[in-house]
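One structure below.
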Amino acid sequence: MRITKIIPDWLIYCLLLAIIIANVMNKADQGDVSMPPPQLGPALPNAKPTDPALIVEIDAPHSAIGTAFAVDNSGTWVTARHVVDSCNSVGLRLGGNKQVKMDVVKLSKDSDIAILESRWQRAPLARDFTSRRQIGERGFLIGFPQGRPGEVAGELIGRHRMLIRGRYRTTEPILAWAEIGRSRGLKGSIGGLSGGPVFDKDGEVIGLVAAESSRRGRVYTVAPSSLANVLNPPSSVPESDAMAIDNYGRRADQYRRARRIAQVVCLVE
């Protein structure tokens with residue numbers, strides 16, 4: 001006679017519960033993927049007239065969404081010019097149906113930058129517009145792609161010139177990034193991320209999102225020098241937290257929850 005051992009039901013349930021919990025924890029950090037350290041190349045060269053050209057056509061005015069971020073303690077925010085140019089009204093969406101009215105106080109004539117003001121005052125993000133950037137370094141782009149919270153990681157591949165044509169015309173140096181990661185579930189265009197901040201590994205803003213080429217997996221951002229020319233120097237130096245592939249998703253959520261990075265809405269009548 002063969003004796004068969006019966007596994008108690010409670011032990012089976014415990015094993016199944018442990019598997020489910022481990023699977024959930026494994027998926028908790030959206031966009032955080034283990035990757036080796038970046039292979040850094042030479043310093044990013046200075047802008048030249050021979051840099052590759054990126055032509056961007058700006059359509060007739062229409063309602064749009066983008067991303068904005070706080071740059072001082074008195075209610076000054078920055079976003080991409082193409083998001084808010086020619087809008088009848090601009091607001092920050094703070095969740096649900098709550099919005100805060102924004103005034104467009106400056107549209108840069110030389111770059112894709114717009115300065116906004118509102119009564120919504122938040123702590124500014126740390127920034128670094130003077131350090132020399134390096135080919136191969138990683139950048140972390142945070143905002144509201146497709147109108148939802150999300151982020152993208154990129155690797156710096158060079159410098160381009162962006163020629164905006166259409167309802168207005170500008171020419172400016174921009175930085176080109178090869179996409180190496182994004183929020184889990186985010187597919188296709190990252191429209192809505194325009195105007196969002198670009199952080200370096202030290203957690204300091206070094207640009208803002210201006211354009212994308214989804215077919216090539218490229219993202220283009222306003223150069224640090226252009227932001228330095230438009231923004232006033234900070235009255236104080238905010239603290240920054242290091243960013244990397246394994247934590248930028250969490251950092252992004254923290255900044256959005258604190259409303260230091262918010263969705264901006266443009267309405268055209």
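Identifiers for the structure tokens are assigned positionally: chains receive A, B, ... in sequence, residues are indexed from 1 per chain, and ligands are indexed from 1 in the order shown.
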Contact table range 59-123 of chain A vs range 138-148 of chain A, cut-off 9 Å, shortest pair per residue, only C-alpha atoms, as a tab-separated table:
residue	atom	partner	partner_atom	distance
A:Ile65	CA	A:Gly147	CA	6.9
A:Gly66	CA	A:Phe144	CA	6.8
A:Thr67	CA	A:Gly143	CA	5.5
A:Ala68	CA	A:Gly143	CA	7.8
A:Phe69	CA	A:Gly143	CA	8.9
Include C-alpha atoms and write out the residues we just selected as a compact mmCIF listing (two decimals), in the first residue's frame.
# COMPACT_ATOMS: atom_id res chain seq x y z
CA ILE A 65 -2.19 70.24 -23.53
CA GLY A 66 1.39 70.21 -22.33
CA THR A 67 3.52 70.29 -19.20
CA ALA A 68 4.84 73.17 -17.09
CA PHE A 69 7.12 73.38 -14.05
Quick one: everything within 12 Å of Glu155 in chain A, counting only C-alpha atoms, minus sequence neighbours fewer than 6 positions away in the same chain. Send it as a count of residues only.
-> 32
Would you tabulate, counting only C-alpha atoms, all residues of range 102-140 of chain A that have an atom at most 6 Å from an atom of range 70-87 of chain A, showing the closest pair of atoms and their distance in Å to one decimal, sorted by chain then ascending number, as CSV?
residue,atom,partner,partner_atom,distance
A:Asp112,CA,A:Arg81,CA,4.7
A:Ile113,CA,A:Arg81,CA,4.6
A:Ala114,CA,A:Arg81,CA,4.6
A:Ile115,CA,A:Val78,CA,4.7
A:Leu116,CA,A:Trp77,CA,5.0
A:Glu117,CA,A:Thr76,CA,4.6
A:Ser118,CA,A:Gly75,CA,5.2
A:Arg119,CA,A:Gly75,CA,5.7
A:Trp120,CA,A:Gly75,CA,5.5
A:Gln121,CA,A:Gly75,CA,4.3
A:Arg122,CA,A:Asn73,CA,5.8
A:Ala123,CA,A:Asn73,CA,5.4
A:Pro124,CA,A:Val71,CA,4.5
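Taking CA of Tyr255 in chain A as the reference point, CA of Ala211 in chain A is found at 22.0 Å.
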Would you give me, as a ChimeraX atom specification, the residues in range 6-247 of chain A that DSSP reads as strand (DSSP E)?
-> /A:53-58,64-70,76-79,89-93,99-107,114-117,138-143,150-166,170-182,197-199,205-213,218-222
In Å to one decimal, how far is CA of Arg259 in chain A from CA of Ser89 in chain A?
->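 According to the coordinates, CA of Ser89 in chain A and CA of Arg259 in chain A are separated by 20.1 Å.
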